[in-house]
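One structure is given here, and the rest of the page talks about it.
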Amino acid sequence: MAGDIPPQRPRKGDDMAGGTNKGYLALSYLIGGIVVWGFVGWLIDHYVHTKGIATAIGVVIGAAGGVYLLIRRMGS
Amino acid sequence: MVSSTAVGFLASDFPPDVGEFFTPALFGADGWLTKFTLFLWIGTALIIVFFLVAYRSPKLVPSKSQWMAESVYGFARDGIATPMIGHDGVKFAPYFATLFSFILLTNLWAIIPLVQISPNSHIAFPVILALISYFLFIVVGVRKHGFFKWLKITVVPSAPWYILPLVIPIEFFSSLIVRPITLSVRLFANMFAGHMILLVFTLGGFALFGAQTFLLKPVGILSWVMAIALTFLEALVILLQAYVFVVLTASYISGALAEEH
């Protein structure tokens with residue numbers, strides 16, 4: 001049965017898949033930060049009629065948050 | 001544009017468009033049976049029959065088909081589940097093996113001659129696969145930790161309290177909203193683009209070969225050679241995407257099972 005298969009050597013592909021995973025995680029943090037807080041800023045703009053200032057602040061804060069999470073997760 | 005008659009059985013005009021992905025109905029009053037349905041069924045049937053036959057009378061010295069089936073399962077268990085999740089990963093190995101063989105085989109239709117379109121190039125199929133994996137890693141996490149602890153592990157990163165309001169929405173977005181989307185879109189887009197590239201080079205070959213200028217005919221042949229070369233590249237993409245989908249599912253499950261990050 002399947003249990004009889006000898007343990008296999010670590011595959012080269014594992015590094016690649018880990019890299020893919022990290023890459024997508026980094027991307028989702030960076031874009032996610034901008035999208036989430038940019039959206040919050042846009043909502044504020046929309047209801048308070050501030051013509052884009054809140055969106056701009058939200059995008060910058062979100063980008064900062066995304067970078068912070070990224071460093072926190074992968075920096076060490 | 002090349003007329004449909006010049007292209008013949010391919011029945012397509014040269015710049016291929018999204019319409020190529022809506023194949024004509026094969027059966028049924030409202031056309032419910034298409035090439036996609038048909039080859040999805042055949043693919044599923046092939047997997048079921050293959051594994052049933054391979055394990056019908058398992059032997060200590062495996063036959064060739066048993067060896068192949070064991071390799072697939074062994075790869076899912078020892079190549080993906082155990083290294084990524086650890087000892088607990090073994091119980092997910094059957095799911096990974098099923099997912100891997102299903103995606104691999106449905107992707108493989110993209111380069112099987114005369115089929116040459118993968119069900120996964122319609123986004124509905126990758127979406128369902130991604131949703132299964134999505135609910136799996138949520139349910140696994142909730143069952144292991146309880147709902148609130150799971151939510152805390154998933155959404156609250158380790159950071160000073162005054163940064164938390166800033167980063168919790170980002171973490172939520174990144175782990176609970178983006179994951180199923182990227183999982184499905186990655187598979188869909190790869191299969192869609194792969195089919196499109198093969199179409200461009202194949203139909204482009206017909207267009208160039210059928211051109212009035214004599215000098216363009218060799219370029220048409222070059223285009224077909226490229227189509228064959230890209231089919232081999234597509235084979236690599238097919239294998240890789242099946243692998244990446246399973247590895248990312250495993251990585252999400254291992255994240256849901258982890259104590260803290």
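If you're wondering about the labels, chains in the structure tokens are A, B, ... by order shown, residues count from 1 in each chain, ligands from 1 in order shown.
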Each residue of chain B with at least one atom at most 9 Å from chain A should appear once, together with its nearest atom pair and the corresponding distance in Å (one decimal); atoms considered: only C-alpha atoms; ordering: chain, then increasing residue number; output as JSON lines.
{"residue": "B:Tyr55", "atom": "CA", "partner": "A:Met1", "partner_atom": "CA", "distance": 8.5}
{"residue": "B:Pro58", "atom": "CA", "partner": "A:Met1", "partner_atom": "CA", "distance": 6.5}
{"residue": "B:Lys59", "atom": "CA", "partner": "A:Met1", "partner_atom": "CA", "distance": 7.3}
{"residue": "B:Leu60", "atom": "CA", "partner": "A:Met1", "partner_atom": "CA", "distance": 6.9}
{"residue": "B:Pro62", "atom": "CA", "partner": "A:Met1", "partner_atom": "CA", "distance": 8.2}
{"residue": "B:Gln66", "atom": "CA", "partner": "A:Met1", "partner_atom": "CA", "distance": 8.7}
{"residue": "B:Trp67", "atom": "CA", "partner": "A:Ala2", "partner_atom": "CA", "distance": 8.8}
{"residue": "B:Ala69", "atom": "CA", "partner": "A:Ala2", "partner_atom": "CA", "distance": 8.6}
{"residue": "B:Glu70", "atom": "CA", "partner": "A:Ala2", "partner_atom": "CA", "distance": 5.3}
{"residue": "B:Ser71", "atom": "CA", "partner": "A:Ala2", "partner_atom": "CA", "distance": 8.0}
{"residue": "B:Tyr73", "atom": "CA", "partner": "A:Ala2", "partner_atom": "CA", "distance": 7.2}
{"residue": "B:Gly74", "atom": "CA", "partner": "A:Ala2", "partner_atom": "CA", "distance": 6.5}
{"residue": "B:Phe75", "atom": "CA", "partner": "A:Gln8", "partner_atom": "CA", "distance": 8.4}
{"residue": "B:Asp78", "atom": "CA", "partner": "A:Gln8", "partner_atom": "CA", "distance": 6.8}
{"residue": "B:Gly79", "atom": "CA", "partner": "A:Pro10", "partner_atom": "CA", "distance": 7.3}
{"residue": "B:Ile80", "atom": "CA", "partner": "A:Asp14", "partner_atom": "CA", "distance": 8.1}
{"residue": "B:Pro83", "atom": "CA", "partner": "A:Pro10", "partner_atom": "CA", "distance": 8.6}
{"residue": "B:Pro157", "atom": "CA", "partner": "A:Leu69", "partner_atom": "CA", "distance": 7.9}
{"residue": "B:Ser158", "atom": "CA", "partner": "A:Arg72", "partner_atom": "CA", "distance": 8.2}
{"residue": "B:Ala159", "atom": "CA", "partner": "A:Arg72", "partner_atom": "CA", "distance": 8.1}
{"residue": "B:Ile163", "atom": "CA", "partner": "A:Gly65", "partner_atom": "CA", "distance": 8.3}
{"residue": "B:Leu166", "atom": "CA", "partner": "A:Gly65", "partner_atom": "CA", "distance": 6.3}
{"residue": "B:Val167", "atom": "CA", "partner": "A:Gly65", "partner_atom": "CA", "distance": 5.7}
{"residue": "B:Pro169", "atom": "CA", "partner": "A:Val36", "partner_atom": "CA", "distance": 6.9}
{"residue": "B:Ile170", "atom": "CA", "partner": "A:Gly33", "partner_atom": "CA", "distance": 5.2}
{"residue": "B:Glu171", "atom": "CA", "partner": "A:Tyr29", "partner_atom": "CA", "distance": 7.4}
{"residue": "B:Phe173", "atom": "CA", "partner": "A:Gly32", "partner_atom": "CA", "distance": 6.2}
{"residue": "B:Ser174", "atom": "CA", "partner": "A:Ser28", "partner_atom": "CA", "distance": 5.5}
{"residue": "B:Ser175", "atom": "CA", "partner": "A:Ser28", "partner_atom": "CA", "distance": 8.5}
{"residue": "B:Val178", "atom": "CA", "partner": "A:Ser28", "partner_atom": "CA", "distance": 6.9}
{"residue": "B:Arg179", "atom": "CA", "partner": "A:Ser28", "partner_atom": "CA", "distance": 8.5}
{"residue": "B:Thr182", "atom": "CA", "partner": "A:Tyr24", "partner_atom": "CA", "distance": 8.3}
{"residue": "B:Tyr243", "atom": "CA", "partner": "A:Ala17", "partner_atom": "CA", "distance": 8.2}
{"residue": "B:Val244", "atom": "CA", "partner": "A:Ala17", "partner_atom": "CA", "distance": 6.2}
{"residue": "B:Val247", "atom": "CA", "partner": "A:Ala17", "partner_atom": "CA", "distance": 6.7}
{"residue": "B:Leu248", "atom": "CA", "partner": "A:Asn21", "partner_atom": "CA", "distance": 6.6}
{"residue": "B:Ser251", "atom": "CA", "partner": "A:Asn21", "partner_atom": "CA", "distance": 8.0}
{"residue": "B:His261", "atom": "CA", "partner": "A:Arg73", "partner_atom": "CA", "distance": 8.3}
Please produce a file of the residues just selected, as a short mmCIF file (atom, residue, chain, number, x, y, z; two decimals), in the first residue's frame, where the atoms kept are C-alpha atoms.
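Resulting contents of out-v4.cif:
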data_model
loop_
_atom_site.label_atom_id
_atom_site.label_comp_id
_atom_site.auth_asym_id
_atom_site.auth_seq_id
_atom_site.Cartn_x
_atom_site.Cartn_y
_atom_site.Cartn_z
CA TYR B 55 -6.16 -0.37 -5.88
CA PRO B 58 -3.11 -4.10 -3.98
CA LYS B 59 0.08 -6.12 -3.92
CA LEU B 60 3.26 -5.77 -1.92
CA PRO B 62 2.94 -3.09 -6.99
CA GLN B 66 -0.72 0.62 -8.60
CA TRP B 67 2.74 2.16 -8.56
CA ALA B 69 -1.51 5.67 -8.08
CA GLU B 70 0.75 5.26 -5.06
CA SER B 71 3.15 7.81 -6.48
CA TYR B 73 -0.84 9.76 -3.28
CA GLY B 74 2.70 9.51 -1.93
CA PHE B 75 3.55 12.80 -3.59
CA ASP B 78 5.18 13.14 1.52
CA GLY B 79 5.75 15.97 -0.94
CA ILE B 80 3.05 18.41 0.16
CA PRO B 83 6.41 18.99 4.86
CA PRO B 157 -1.17 40.03 13.82
CA SER B 158 1.38 40.39 16.60
CA ALA B 159 1.83 44.13 16.83
CA ILE B 163 -1.07 49.74 15.36
CA LEU B 166 -4.58 49.99 11.21
CA VAL B 167 -3.46 46.47 10.37
CA PRO B 169 -8.55 45.36 8.35
CA ILE B 170 -5.58 44.71 6.07
CA GLU B 171 -4.95 41.29 7.59
CA PHE B 173 -8.72 41.54 3.68
CA SER B 174 -5.55 39.63 2.90
CA SER B 175 -6.43 36.35 4.57
CA VAL B 178 -8.06 37.87 -1.25
CA ARG B 179 -7.10 34.21 -0.75
CA THR B 182 -6.19 34.68 -6.03
CA TYR B 243 0.90 21.80 -7.85
CA VAL B 244 0.68 25.45 -6.80
CA VAL B 247 0.52 23.75 -2.11
CA LEU B 248 -1.31 27.00 -1.39
CA SER B 251 -0.20 26.45 3.28
CA HIS B 261 2.14 33.56 14.06
#
With only C-alpha atoms as the counted atoms, please give the residues lying no more than 9 Å from region 107-115 of chain B, apart from itself and same-chain residues fewer than 4 positions off, as a ChimeraX atom specification. /B:35,39,43,102-103,119-121,191,194-195,231-232,234-235,238-239,241-242
**Item:** Distance query Ile253 (chain B) at most 10 Å, only C-alpha atoms, self and fewer than 3 positions along chain excluded, as an MDAnalysis selection string
**Value:** chainID B and resid 81 84:85 89 92 133:134 136:141 247:250 256:258
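Distance-wise, CA of Phe36 (chain B) and CA of Phe245 (chain B) end up 20.5 Å apart.
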_Of the listed residues B:Ser254, B:Trp150, B:Ile132, B:Thr23, that which approaches Thr82 (chain B) most closely, counting only C-alpha atoms_ =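 Of B:Ser254, B:Trp150, B:Ile132, B:Thr23, the one nearest Thr82 (chain B), counting only C-alpha atoms, is B:Ser254.
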**Asked** Could you state the separation of CA of Phe39 (chain A) and CA of Trp161 (chain B) in Å, given to one decimal place?
**Response**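 About the pair CA of Phe39 (chain A) and CA of Trp161 (chain B): they are 22.8 Å apart.
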Would you give me, as a ChimeraX atom specification, the residues in region 8-245 of chain B that DSSP reads as helix (DSSP H, G or I)? /B:8-10,18-21,35-54,64-85,87-108,119-121,124-145,147-155,164-209,216-245
